[in-house]
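*Asks:* One file: my_file.tsv (TSV, C-alpha atoms and all ligand atoms).
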chain	number	residue	atom	x	y	z
A	1	MET	CA	16.97	61.50	23.36
A	2	LYS	CA	16.18	59.10	26.22
A	3	LYS	CA	12.55	58.94	25.10
A	4	ALA	CA	13.55	58.15	21.51
A	5	LEU	CA	15.79	55.34	22.76
A	6	LYS	CA	12.92	53.92	24.84
A	7	ILE	CA	10.59	53.96	21.84
A	8	PHE	CA	13.29	52.28	19.73
A	9	PHE	CA	13.80	49.41	22.19
A	10	PHE	CA	10.06	49.04	22.77
A	11	THR	CA	9.51	48.72	19.00
A	12	ILE	CA	12.31	46.12	18.73
A	13	ILE	CA	10.74	44.05	21.53
A	14	VAL	CA	7.25	44.20	20.00
A	15	VAL	CA	8.59	43.18	16.56
A	16	ALA	CA	10.62	40.32	18.10
A	17	ILE	CA	7.61	39.01	20.05
A	18	PHE	CA	5.54	39.06	16.86
A	19	PHE	CA	8.27	37.54	14.67
A	20	PHE	CA	9.32	34.72	17.01
A	21	GLY	CA	6.12	34.27	19.02
A	22	PHE	CA	3.34	34.49	16.47
A	23	LEU	CA	4.64	34.52	12.89
A	24	PRO	CA	5.53	30.78	12.51
A	25	SER	CA	2.09	29.58	13.62
A	26	MET	CA	0.39	32.32	11.56
A	27	ILE	CA	2.23	31.06	8.45
A	28	ASP	CA	1.32	27.44	9.34
A	29	LYS	CA	-2.37	28.35	9.80
A	30	SER	CA	-2.56	30.45	6.65
A	31	MET	CA	-0.78	27.92	4.40
A	32	ASN	CA	-2.11	24.55	5.58
A	33	LYS	CA	-5.82	25.17	5.16
A	34	VAL	CA	-8.69	22.78	4.36
A	35	THR	CA	-11.77	23.02	2.15
A	36	SER	CA	-14.00	20.96	4.49
A	37	GLN	CA	-13.96	21.16	8.27
A	38	PRO	CA	-14.26	18.16	10.64
A	39	PRO	CA	-15.97	16.15	12.05
A	40	PHE	CA	-16.13	13.42	9.40
A	41	PRO	CA	-18.06	10.33	10.51
A	42	LYS	CA	-16.56	6.90	9.77
A	43	ASP	CA	-18.78	4.18	8.34
A	44	SER	CA	-18.35	0.38	8.53
A	45	VAL	CA	-16.45	0.20	5.21
A	46	TYR	CA	-13.86	2.64	6.53
A	47	GLU	CA	-13.66	0.96	9.95
A	48	ALA	CA	-12.99	-2.39	8.26
A	49	ILE	CA	-9.83	-1.19	6.48
A	50	PRO	CA	-6.93	-2.79	8.38
A	51	PHE	CA	-4.07	-0.59	7.15
A	52	ILE	CA	-4.57	3.05	6.11
A	53	ALA	CA	-1.43	4.70	4.74
A	54	ASP	CA	-0.26	7.82	2.97
A	55	LEU	CA	2.95	8.43	1.01
A	56	HIS	CA	3.57	12.10	1.71
A	57	CYS	CA	3.17	14.80	4.37
A	58	ASP	CA	5.34	17.73	5.38
A	59	ALA	CA	4.27	18.05	9.03
A	60	LEU	CA	7.91	18.09	10.23
A	61	LEU	CA	8.42	21.52	8.65
A	62	TRP	CA	6.16	23.18	11.23
A	63	ASP	CA	6.78	23.50	14.95
A	64	ARG	CA	3.32	22.32	15.99
A	65	ASP	CA	3.16	20.04	19.07
A	66	PHE	CA	2.82	16.54	17.56
A	67	PHE	CA	1.05	15.22	20.66
A	68	GLU	CA	-1.68	17.86	20.76
A	69	LYS	CA	-4.84	17.84	18.64
A	70	HIS	CA	-4.93	21.06	16.62
A	71	ASN	CA	-7.81	22.80	14.89
A	72	TYR	CA	-5.51	23.82	12.02
A	73	GLY	CA	-2.97	22.05	9.79
A	74	HIS	CA	-3.52	18.47	8.73
A	75	VAL	CA	-1.58	15.88	10.75
A	76	ASP	CA	-0.76	15.30	14.43
A	77	LEU	CA	-0.76	12.15	16.57
A	78	PRO	CA	-4.30	12.50	18.01
A	79	ARG	CA	-5.75	13.06	14.53
A	80	MET	CA	-3.76	10.13	13.06
A	81	LEU	CA	-5.17	7.87	15.77
A	82	GLU	CA	-8.68	9.25	15.25
A	83	ALA	CA	-8.38	8.49	11.51
A	84	ASN	CA	-7.14	4.97	12.23
A	85	MET	CA	-4.04	5.84	10.23
A	86	ALA	CA	-1.47	3.01	10.21
A	87	LEU	CA	1.42	4.60	8.35
A	88	GLN	CA	2.25	8.15	7.32
A	89	VAL	CA	5.43	8.96	5.41
A	90	PHE	CA	6.90	12.21	6.77
A	91	THR	CA	8.85	13.92	4.00
A	92	ILE	CA	11.45	16.55	4.65
A	93	VAL	CA	11.31	19.97	3.01
A	94	SER	CA	14.71	21.60	3.43
A	95	LYS	CA	14.74	24.54	1.01
A	96	THR	CA	12.07	26.34	-1.02
A	97	PRO	CA	12.49	29.42	-3.22
A	98	ARG	CA	10.61	32.69	-2.73
A	99	GLY	CA	7.65	33.12	-5.11
A	100	ILE	CA	7.37	29.33	-5.40
A	101	ASN	CA	5.33	28.17	-8.44
A	102	ILE	CA	5.01	25.03	-10.57
A	103	GLU	CA	6.48	26.55	-13.76
A	104	HIS	CA	9.86	28.14	-13.15
A	105	ASN	CA	12.03	28.57	-10.03
A	106	ASP	CA	15.72	29.15	-9.40
A	107	ASP	CA	17.59	28.22	-6.21
A	108	HIS	CA	18.76	31.71	-5.23
A	109	THR	CA	16.40	32.22	-2.30
A	110	ASP	CA	15.65	30.05	0.71
A	111	GLN	CA	12.39	30.55	2.58
A	112	VAL	CA	12.97	27.60	4.91
A	113	ALA	CA	16.02	29.40	6.35
A	114	LEU	CA	13.80	32.32	7.39
A	115	LEU	CA	11.10	30.00	8.73
A	116	ASN	CA	13.67	28.07	10.79
A	117	PHE	CA	15.01	31.38	12.14
A	118	ALA	CA	11.50	32.55	13.12
A	119	GLN	CA	10.86	29.13	14.71
A	120	LEU	CA	14.04	29.69	16.78
A	121	ARG	CA	15.55	26.41	15.60
A	122	LYS	CA	19.26	26.13	16.27
A	123	PRO	CA	21.56	28.45	14.24
A	124	ALA	CA	23.05	25.52	12.24
A	125	ASP	CA	19.57	25.00	10.75
A	126	TRP	CA	19.48	28.58	9.44
A	127	PHE	CA	22.55	27.96	7.32
A	128	SER	CA	22.84	24.22	6.50
A	129	ILE	CA	20.13	22.44	4.53
A	130	LYS	CA	21.63	19.08	5.50
A	131	THR	CA	21.46	19.93	9.21
A	132	ARG	CA	17.85	21.03	8.75
A	133	ALA	CA	16.97	17.71	7.15
A	134	LEU	CA	18.73	15.73	9.89
A	135	ASP	CA	16.98	17.73	12.60
A	136	GLN	CA	13.60	16.88	11.10
A	137	CYS	CA	14.60	13.19	11.13
A	138	HIS	CA	15.65	13.60	14.74
A	139	ASP	CA	12.27	15.20	15.58
A	140	LEU	CA	10.36	12.19	14.25
A	141	HIS	CA	12.50	9.75	16.25
A	142	SER	CA	11.97	11.93	19.34
A	143	PHE	CA	8.19	11.79	18.84
A	144	ALA	CA	8.44	8.00	18.82
A	145	LYS	CA	10.49	7.99	22.03
A	146	GLU	CA	8.11	10.36	23.82
A	147	SER	CA	4.90	8.69	22.60
A	148	GLY	CA	4.77	5.93	25.20
A	149	GLY	CA	4.55	3.28	22.48
A	150	LYS	CA	1.74	4.97	20.52
A	151	PHE	CA	3.97	5.97	17.60
A	152	ARG	CA	7.00	4.33	16.01
A	153	VAL	CA	9.33	4.98	13.08
A	154	ILE	CA	9.61	2.21	10.50
A	155	THR	CA	13.00	1.79	8.81
A	156	SER	CA	13.12	-1.88	7.78
A	157	LYS	CA	11.07	-4.81	6.56
A	158	ARG	CA	11.45	-6.40	9.98
A	159	ASP	CA	10.12	-3.23	11.72
A	160	LEU	CA	7.12	-3.22	9.41
A	161	GLU	CA	6.32	-6.91	9.88
A	162	LYS	CA	6.53	-6.55	13.66
A	163	TYR	CA	4.38	-3.41	13.55
A	164	ILE	CA	1.69	-5.10	11.43
A	165	ALA	CA	1.57	-7.99	13.92
A	166	ASP	CA	1.42	-5.61	16.92
A	167	ARG	CA	-1.30	-3.53	15.32
A	168	LYS	CA	-3.50	-6.59	14.94
A	169	GLN	CA	-3.53	-6.70	18.76
A	170	ASN	CA	-3.85	-2.94	19.29
A	171	ARG	CA	-5.32	-0.49	16.78
A	172	PHE	CA	-4.42	2.53	18.88
A	173	ILE	CA	-0.86	2.66	17.67
A	174	THR	CA	0.42	4.34	14.54
A	175	ALA	CA	3.69	4.78	12.63
A	176	GLY	CA	5.77	7.02	10.41
A	177	MET	CA	8.52	6.64	7.84
A	178	LEU	CA	11.02	9.23	6.61
A	179	GLY	CA	11.44	10.54	3.08
A	180	VAL	CA	13.12	13.61	1.60
A	181	GLU	CA	11.90	16.21	-0.91
A	182	GLY	CA	14.90	17.18	-3.00
A	183	ALA	CA	18.39	15.64	-3.01
A	184	HIS	CA	19.84	19.17	-2.64
A	185	CYS	CA	19.97	18.44	1.13
A	186	LEU	CA	22.88	16.06	0.38
A	187	GLU	CA	24.83	19.32	-0.06
A	188	ASN	CA	26.50	18.04	-3.22
A	189	ASP	CA	28.23	15.12	-1.46
A	190	ILE	CA	27.14	11.56	-2.22
A	191	ASN	CA	28.57	10.38	1.13
A	192	ASN	CA	25.74	12.25	2.82
A	193	LEU	CA	23.40	9.58	1.45
A	194	ASP	CA	24.80	7.29	4.16
A	195	VAL	CA	24.18	10.01	6.75
A	196	LEU	CA	20.52	10.36	5.70
A	197	TYR	CA	20.11	6.58	5.57
A	198	ASP	CA	21.50	6.26	9.09
A	199	ALA	CA	19.02	8.93	10.20
A	200	GLY	CA	16.21	6.69	8.94
A	201	VAL	CA	15.43	8.17	5.51
A	202	ARG	CA	14.13	5.49	3.16
A	203	TYR	CA	13.13	7.41	0.10
A	204	ILE	CA	14.40	10.47	-1.69
A	205	GLY	CA	12.66	12.77	-4.11
A	206	LEU	CA	15.48	13.62	-6.50
A	207	ALA	CA	14.44	17.25	-7.04
A	208	HIS	CA	11.99	19.60	-5.36
A	209	PHE	CA	11.06	23.03	-6.76
A	210	PHE	CA	14.41	23.84	-8.40
A	211	ASP	CA	17.07	21.99	-10.42
A	212	ASN	CA	19.90	20.70	-8.25
A	213	GLU	CA	23.32	19.03	-8.63
A	214	TRP	CA	21.69	15.63	-9.13
A	215	ALA	CA	18.54	16.10	-11.21
A	216	GLY	CA	16.23	18.54	-12.97
A	217	SER	CA	12.93	19.63	-11.45
A	218	ALA	CA	9.58	19.93	-13.26
A	219	HIS	CA	9.52	23.47	-11.84
A	220	GLY	CA	13.19	24.38	-12.40
A	221	VAL	CA	14.88	26.70	-14.89
A	222	LYS	CA	16.54	24.16	-17.22
A	223	LYS	CA	14.37	21.15	-16.27
A	224	GLY	CA	17.19	18.82	-17.36
A	225	GLY	CA	17.57	15.10	-16.60
A	226	LEU	CA	19.90	13.23	-14.26
A	227	THR	CA	23.42	14.64	-14.09
A	228	GLU	CA	26.42	12.26	-14.02
A	229	LYS	CA	26.37	12.62	-10.22
A	230	GLY	CA	22.65	11.93	-10.25
A	231	LYS	CA	23.26	8.66	-12.10
A	232	ASP	CA	25.76	7.64	-9.37
A	233	LEU	CA	23.22	8.65	-6.75
A	234	ILE	CA	20.41	6.41	-8.02
A	235	LYS	CA	22.86	3.52	-8.30
A	236	LYS	CA	23.95	3.98	-4.69
A	237	MET	CA	20.32	4.36	-3.57
A	238	ALA	CA	19.45	1.04	-5.22
A	239	GLU	CA	22.40	-0.65	-3.46
A	240	LYS	CA	21.06	0.60	-0.12
A	241	ASN	CA	17.43	-0.34	-0.90
A	242	MET	CA	16.40	3.31	-0.81
A	243	VAL	CA	13.44	4.07	-3.04
A	244	ILE	CA	13.52	6.82	-5.69
A	245	ASP	CA	10.62	9.28	-5.47
A	246	LEU	CA	9.82	10.91	-8.83
A	247	ALA	CA	7.39	13.56	-7.52
A	248	HIS	CA	8.48	17.04	-8.72
A	249	SER	CA	11.04	15.53	-11.14
A	250	SER	CA	11.33	16.98	-14.65
A	251	GLN	CA	10.15	14.95	-17.67
A	252	ALA	CA	13.82	14.33	-18.54
A	253	THR	CA	14.67	13.15	-15.01
A	254	ILE	CA	11.70	10.75	-15.00
A	255	SER	CA	12.76	9.35	-18.41
A	256	ASP	CA	16.39	8.93	-17.29
A	257	VAL	CA	15.43	7.14	-14.06
A	258	LEU	CA	12.97	4.80	-15.76
A	259	LYS	CA	15.62	3.97	-18.40
A	260	LEU	CA	18.58	3.45	-16.05
A	261	HIS	CA	16.88	1.99	-12.98
A	262	SER	CA	15.16	-1.38	-13.16
A	263	GLY	CA	13.84	-1.38	-9.56
A	264	PRO	CA	10.62	0.09	-8.24
A	265	VAL	CA	9.94	3.82	-7.84
A	266	VAL	CA	7.32	5.87	-6.02
A	267	VAL	CA	5.65	9.07	-7.06
A	268	SER	CA	4.79	10.12	-3.53
A	269	HIS	CA	2.31	12.93	-4.29
A	270	THR	CA	1.09	13.71	-7.74
A	271	GLY	CA	-1.80	14.02	-10.17
A	272	ILE	CA	-2.46	12.73	-13.65
A	273	LYS	CA	-2.35	14.79	-16.85
A	274	GLY	CA	-5.25	12.73	-18.26
A	275	VAL	CA	-7.48	14.21	-15.55
A	276	CYS	CA	-5.66	17.41	-14.63
A	277	ASP	CA	-3.21	18.68	-17.23
A	278	ASN	CA	-0.40	20.72	-15.70
A	279	ASN	CA	3.33	20.81	-15.33
A	280	ARG	CA	3.59	18.68	-12.16
A	281	ASN	CA	1.40	15.77	-13.23
A	282	LEU	CA	2.17	12.43	-14.93
A	283	THR	CA	1.58	11.56	-18.58
A	284	ASP	CA	-0.06	8.27	-19.61
A	285	GLU	CA	3.30	6.96	-20.89
A	286	GLN	CA	4.95	7.69	-17.53
A	287	ILE	CA	2.12	5.96	-15.63
A	288	ILE	CA	2.52	2.85	-17.80
A	289	GLU	CA	6.33	2.82	-17.37
A	290	ILE	CA	6.00	3.22	-13.59
A	291	GLY	CA	3.57	0.29	-13.65
A	292	LYS	CA	6.13	-1.84	-15.50
A	293	HIS	CA	8.67	-0.93	-12.81
A	294	ASN	CA	6.29	-2.24	-10.10
A	295	GLY	CA	6.09	1.27	-8.73
A	296	ILE	CA	3.36	2.99	-6.77
A	297	ILE	CA	1.65	6.31	-7.52
A	298	GLY	CA	0.32	8.44	-4.64
A	299	ILE	CA	-2.58	10.67	-5.69
A	300	GLY	CA	-2.83	14.06	-4.03
A	301	LEU	CA	-5.56	15.71	-2.00
A	302	TRP	CA	-5.15	19.26	-3.25
A	303	GLU	CA	-6.38	21.32	-6.17
A	304	THR	CA	-3.27	21.59	-8.38
A	305	ALA	CA	-2.86	17.81	-8.32
A	306	VAL	CA	-6.42	16.75	-9.11
A	307	CYS	CA	-8.16	19.89	-10.50
A	308	GLY	CA	-10.80	19.84	-7.78
A	309	THR	CA	-11.18	20.57	-4.09
A	310	ASP	CA	-12.98	17.45	-2.89
A	311	ALA	CA	-12.61	13.69	-2.44
A	312	ALA	CA	-14.39	13.03	-5.75
A	313	ALA	CA	-11.57	14.76	-7.66
A	314	THR	CA	-8.94	12.58	-5.96
A	315	ALA	CA	-11.00	9.40	-6.53
A	316	LYS	CA	-11.29	10.24	-10.24
A	317	SER	CA	-7.48	10.38	-10.63
A	318	ILE	CA	-7.10	7.16	-8.60
A	319	LYS	CA	-9.58	5.46	-10.96
A	320	TYR	CA	-7.61	6.71	-13.96
A	321	VAL	CA	-4.36	5.14	-12.66
A	322	ALA	CA	-6.09	1.89	-11.62
A	323	ASP	CA	-7.59	1.56	-15.11
A	324	LYS	CA	-4.16	2.09	-16.71
A	325	ILE	CA	-1.86	-0.08	-14.54
A	326	GLY	CA	-4.09	-1.93	-12.07
A	327	VAL	CA	-5.58	-1.31	-8.66
A	328	ASP	CA	-2.41	-2.63	-6.94
A	329	LYS	CA	-0.21	0.31	-7.95
A	330	VAL	CA	-2.06	3.35	-6.66
A	331	GLY	CA	-2.46	4.88	-3.21
A	332	LEU	CA	-2.78	8.16	-1.32
A	333	GLY	CA	-0.16	10.90	-1.54
A	334	SER	CA	-1.96	13.63	0.33
A	335	ASP	CA	0.72	16.35	0.68
A	336	PHE	CA	-0.78	17.09	4.10
A	337	ASP	CA	0.91	20.10	5.70
A	338	GLY	CA	2.75	20.80	2.44
A	339	ALA	CA	1.98	24.56	2.54
A	340	ILE	CA	-1.15	23.93	0.50
A	341	GLY	CA	-4.86	23.76	1.17
A	342	THR	CA	-6.06	20.12	1.09
A	343	HIS	CA	-9.65	18.86	0.79
A	344	PHE	CA	-9.61	18.10	4.56
A	345	ASP	CA	-7.24	17.07	7.34
A	346	VAL	CA	-6.29	13.43	7.99
A	347	THR	CA	-9.60	12.78	9.79
A	348	GLY	CA	-11.42	13.41	6.48
A	349	LEU	CA	-10.13	10.24	4.79
A	350	PRO	CA	-13.56	8.54	5.19
A	351	LEU	CA	-14.74	10.91	2.44
A	352	ILE	CA	-12.18	9.37	0.05
A	353	VAL	CA	-13.66	5.93	0.74
A	354	LYS	CA	-17.16	7.21	-0.09
A	355	ALA	CA	-15.85	8.75	-3.33
A	356	LEU	CA	-14.04	5.50	-4.26
A	357	GLU	CA	-17.30	3.60	-3.77
A	358	LYS	CA	-19.00	6.05	-6.14
A	359	GLU	CA	-16.24	5.33	-8.71
A	360	GLY	CA	-17.26	1.65	-8.54
A	361	PHE	CA	-14.44	0.22	-6.39
A	362	ASN	CA	-15.38	-2.70	-4.12
A	363	GLN	CA	-14.22	-3.20	-0.52
A	364	GLU	CA	-11.20	-5.26	-1.57
A	365	ASP	CA	-10.02	-2.57	-4.01
A	366	ILE	CA	-10.64	0.17	-1.43
A	367	THR	CA	-8.59	-1.72	1.17
A	368	LYS	CA	-5.68	-1.81	-1.29
A	369	ILE	CA	-5.96	1.82	-2.39
A	370	MET	CA	-6.34	3.21	1.15
A	371	GLY	CA	-3.09	1.61	2.33
A	372	GLY	CA	-2.77	-2.08	1.50
A	373	ASN	CA	-0.76	-1.26	-1.61
A	374	ILE	CA	1.62	1.04	0.27
A	375	ARG	CA	2.08	-1.58	3.05
A	376	ASP	CA	2.87	-4.29	0.46
A	377	PHE	CA	5.18	-1.99	-1.51
A	378	PHE	CA	7.31	-1.34	1.60
A	379	LEU	CA	7.19	-5.00	2.64
A	380	ARG	CA	8.74	-5.78	-0.74
A	381	ASN	CA	11.19	-2.92	-0.95
A	382	LEU	CA	12.46	-1.79	2.46
A	383	PRO	CA	15.90	-3.07	3.55
A	384	ASN	CA	15.75	-6.18	5.74
B	1	ZN	ZN	5.88	18.34	-2.78
Starting from the file, lay out its structure as structure tokens.
Ligand SMILES: [Zn+2]
*Replies:*
Amino acid sequence: MKKALKIFFFTIIVVAIFFFGFLPSMIDKSMNKVTSQPPFPKDSVYEAIPFIADLHCDALLWDRDFFEKHNYGHVDLPRMLEANMALQVFTIVSKTPRGINIEHNDDHTDQVALLNFAQLRKPADWFSIKTRALDQCHDLHSFAKESGGKFRVITSKRDLEKYIADRKQNRFITAGMLGVEGAHCLENDINNLDVLYDAGVRYIGLAHFFDNEWAGSAHGVKKGGLTEKGKDLIKKMAEKNMVIDLAHSSQATISDVLKLHSGPVVVSHTGIKGVCDNNRNLTDEQIIEIGKHNGIIGIGLWETAVCGTDAAATAKSIKYVADKIGVDKVGLGSDFDGAIGTHFDVTGLPLIVKALEKEGFNQEDITKIMGGNIRDFFLRNLPN
């Protein structure tokens, strides 16, 4: 009997060590892979770009040390500095369904709860999607505090102007902004928009992989448009100068937003049906409407977005958007660390520049596409 009890406790301890000690980083390593491994040399065209920016990464979901250079995953501070990255938007994933796919998902399961449990985040994070989102915001602000001035969080036009001026003096600083994937983390209460705003969130993807109280998802069950509450939400977002992100939104949601909202929108990480025809990518009509709204489209660095696993595939979709609505309305929306394999980690961005040159873009165009457009979009649209 005593022996059986010993074996039982021993097994429990071994399972706990594996579950809490190794499983989170194993999941991170297995999900955030790359096609091409570093190093990626930078040429003079790349070095001359003053402001490199990206509209979407999910690095806050993982409990990797932000200050350490890793040989897995896609984004951390040393690699951002190595890539001469000026601005990365960190988007918050707060709930994803089991068996996630781009066609059809309900909201009955919650894999992020299990991940947060395995990561030994605080118990409130296991149960509240709003708390999870706020804790990820808090993490980014903490990185800034602990970085010794190397990293800052941008939340206003004034912050961004000051940062651009400071970076002219010192290239070895970088910055982040906060966005959200899926308004479900408002927990069905529009007052929580103020809470997210106060935590620094400046854009919100209305839906993620499932339909929610506010809007239909491209990957949901009903794939409906904006609900009545969703219409109130986009009105309130506009009042607060928060930008609407249409990535993952259903066709009906995109139509509703573009009809009801006259201000700019982003599509933070996407592809283009004209190059890569699937359920998560934009039609030509949507691209043209987004252009009329003075929006910006972030092209992805992974296979489902661009139907290819290299920089050339991403550059082809960028060219397609630039030809449709102009070179001023397209940028990068990598989806780094978004539980997907990307072409490379953040240090591989020089390969995008090479591919853009092959597509016929000149240095001025490349400077815009690689970050100038994103910088100017936020200079126009962030709150003062
Ligand atoms: Zn996404």
*Asks:* List every residue of chain A that has an atom at most 8 Å from any atom of ligand ZN 1 (chain B), giving for each one its closest atom pair and the distance in Å to one decimal, counting all atoms listed in the file, sorted by chain and then by ascending residue number, as JSON lines.
*Replies:*
{"residue": "A:Glu181", "atom": "CA", "partner": "B:ZN1", "partner_atom": "ZN", "distance": 6.7}
{"residue": "A:His208", "atom": "CA", "partner": "B:ZN1", "partner_atom": "ZN", "distance": 6.8}
{"residue": "A:Ala247", "atom": "CA", "partner": "B:ZN1", "partner_atom": "ZN", "distance": 6.9}
{"residue": "A:His248", "atom": "CA", "partner": "B:ZN1", "partner_atom": "ZN", "distance": 6.6}
{"residue": "A:His269", "atom": "CA", "partner": "B:ZN1", "partner_atom": "ZN", "distance": 6.7}
{"residue": "A:Asp335", "atom": "CA", "partner": "B:ZN1", "partner_atom": "ZN", "distance": 6.5}
{"residue": "A:Gly338", "atom": "CA", "partner": "B:ZN1", "partner_atom": "ZN", "distance": 6.6}
*Asks:* Can you find the residues with an atom no farther than 8 Å from (16.0, 7.0, 1.2), counting only C-alpha atoms, and report them as a PyMOL selection string?
*Replies:* chain A and resi 178-180+193+196-197+200-204+237+241-244
*Asks:* Can you work out the spacing between atom CA of Lys29 of chain A and atom CA of Ala305 of chain A in Å, to one decimal?
*Replies:*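 Rounded to one decimal, the two atoms are 21.0 Å apart.
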*Asks:* When you count all atoms listed in the file, which of these residues is closest to Met370 of chain A: A:Tyr46, A:Phe336, A:Phe9, A:Phe90?
*Replies:* A:Tyr46
*Asks:* Show which residues sit within 9 Å of segment 209-221 of chain A, as an MDAnalysis selection string. Count only C-alpha atoms, and ignore same-chain residues fewer than 3 positions away.
*Replies:* chainID A and resid 95:97 100:107 182:184 187:188 206 224:233 247:253 279:280
*Asks:* List the residues sitting within 9 Å of (12.4, 26.8, 7.3) in the file's frame, using only C-alpha atoms, as a count of residues only.
*Replies:* 20
*Asks:* Calculated over only C-alpha atoms, which of the candidates A:Val257, A:Thr283, A:Asp63, A:Glu161 has the smallest distance to Phe22 of chain A?
*Replies:* A:Asp63
*Asks:* Given the choices A:Lys162, A:Lys292, A:His343, A:Lys259, which gets closest to Ile325 of chain A if the distance is worked out from all atoms listed in the file?
*Replies:*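 Nearest to Ile325 of chain A: A:Lys292.
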*Asks:* Which of these, A:Leu81, A:Val330, A:Ile296, A:Val321, has the shortest distance to Asn170 of chain A once you count only C-alpha atoms?
*Replies:*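 Nearest candidate to Asn170 of chain A out of A:Leu81, A:Val330, A:Ile296, A:Val321: A:Leu81.
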*Asks:* Gln286 of chain A: which residues within 9 Å, counting only C-alpha atoms, same-chain residues fewer than 5 positions away excluded, as number ranges by chain?
*Replies:* A: 251, 254-255, 258, 291
*Asks:* Quote the spacing between atom CA of Gly348 of chain A and atom CA of Glu47 of chain A in Å to one decimal place.
*Replies:* 13.1 Å
*Asks:* Using all atoms listed in the file, can you tell me which of A:Val153, A:Ala311, A:Leu282, A:Leu134 comes closest to Asp345 of chain A?
*Replies:* A:Ala311
*Asks:* Would you place a box with edges along x, y and z of the file around all atoms of segment 10-20 of chain A listed there, add 6 Å to each of its six sides, and report the centre and edge lengths in Å to one decimal, as lines of an AutoDock Vina configuration file?
*Replies:*
center_x = 8.9
center_y = 41.9
center_z = 18.7
size_x = 18.8
size_y = 26.3
size_z = 20.1
*Asks:* As a tab-separated table (two decimals), in the frame of the given file, could you write out segment 288-292 of chain A once it has been completed with all heavy atoms?
*Replies:*
chain	number	residue	atom	x	y	z
A	288	ILE	N	2.34	4.24	-17.33
A	288	ILE	CA	2.52	2.85	-17.80
A	288	ILE	C	3.94	2.35	-17.47
A	288	ILE	O	4.11	1.23	-17.00
A	288	ILE	CB	2.19	2.77	-19.30
A	288	ILE	CG1	0.67	2.93	-19.47
A	288	ILE	CG2	2.66	1.46	-19.94
A	288	ILE	CD1	0.21	3.28	-20.87
A	289	GLU	N	4.94	3.21	-17.69
A	289	GLU	CA	6.33	2.82	-17.37
A	289	GLU	C	6.50	2.55	-15.87
A	289	GLU	O	7.18	1.59	-15.47
A	289	GLU	CB	7.31	3.93	-17.78
A	289	GLU	CG	7.93	3.79	-19.15
A	289	GLU	CD	8.45	2.39	-19.48
A	289	GLU	OE1	9.34	1.90	-18.76
A	289	GLU	OE2	7.96	1.79	-20.45
A	290	ILE	N	5.91	3.40	-15.05
A	290	ILE	CA	6.00	3.22	-13.59
A	290	ILE	C	5.34	1.90	-13.20
A	290	ILE	O	5.84	1.16	-12.35
A	290	ILE	CB	5.37	4.43	-12.85
A	290	ILE	CG1	6.26	5.66	-13.05
A	290	ILE	CG2	5.20	4.15	-11.35
A	290	ILE	CD1	5.58	6.98	-12.79
A	291	GLY	N	4.24	1.58	-13.87
A	291	GLY	CA	3.57	0.29	-13.65
A	291	GLY	C	4.49	-0.87	-13.98
A	291	GLY	O	4.60	-1.84	-13.21
A	292	LYS	N	5.20	-0.76	-15.11
A	292	LYS	CA	6.13	-1.84	-15.50
A	292	LYS	C	7.26	-1.98	-14.49
A	292	LYS	O	7.85	-3.04	-14.36
A	292	LYS	CB	6.73	-1.53	-16.89
A	292	LYS	CG	5.76	-1.76	-18.03
A	292	LYS	CD	6.48	-1.50	-19.36
A	292	LYS	CE	5.49	-1.44	-20.50
A	292	LYS	NZ	6.07	-0.74	-21.69
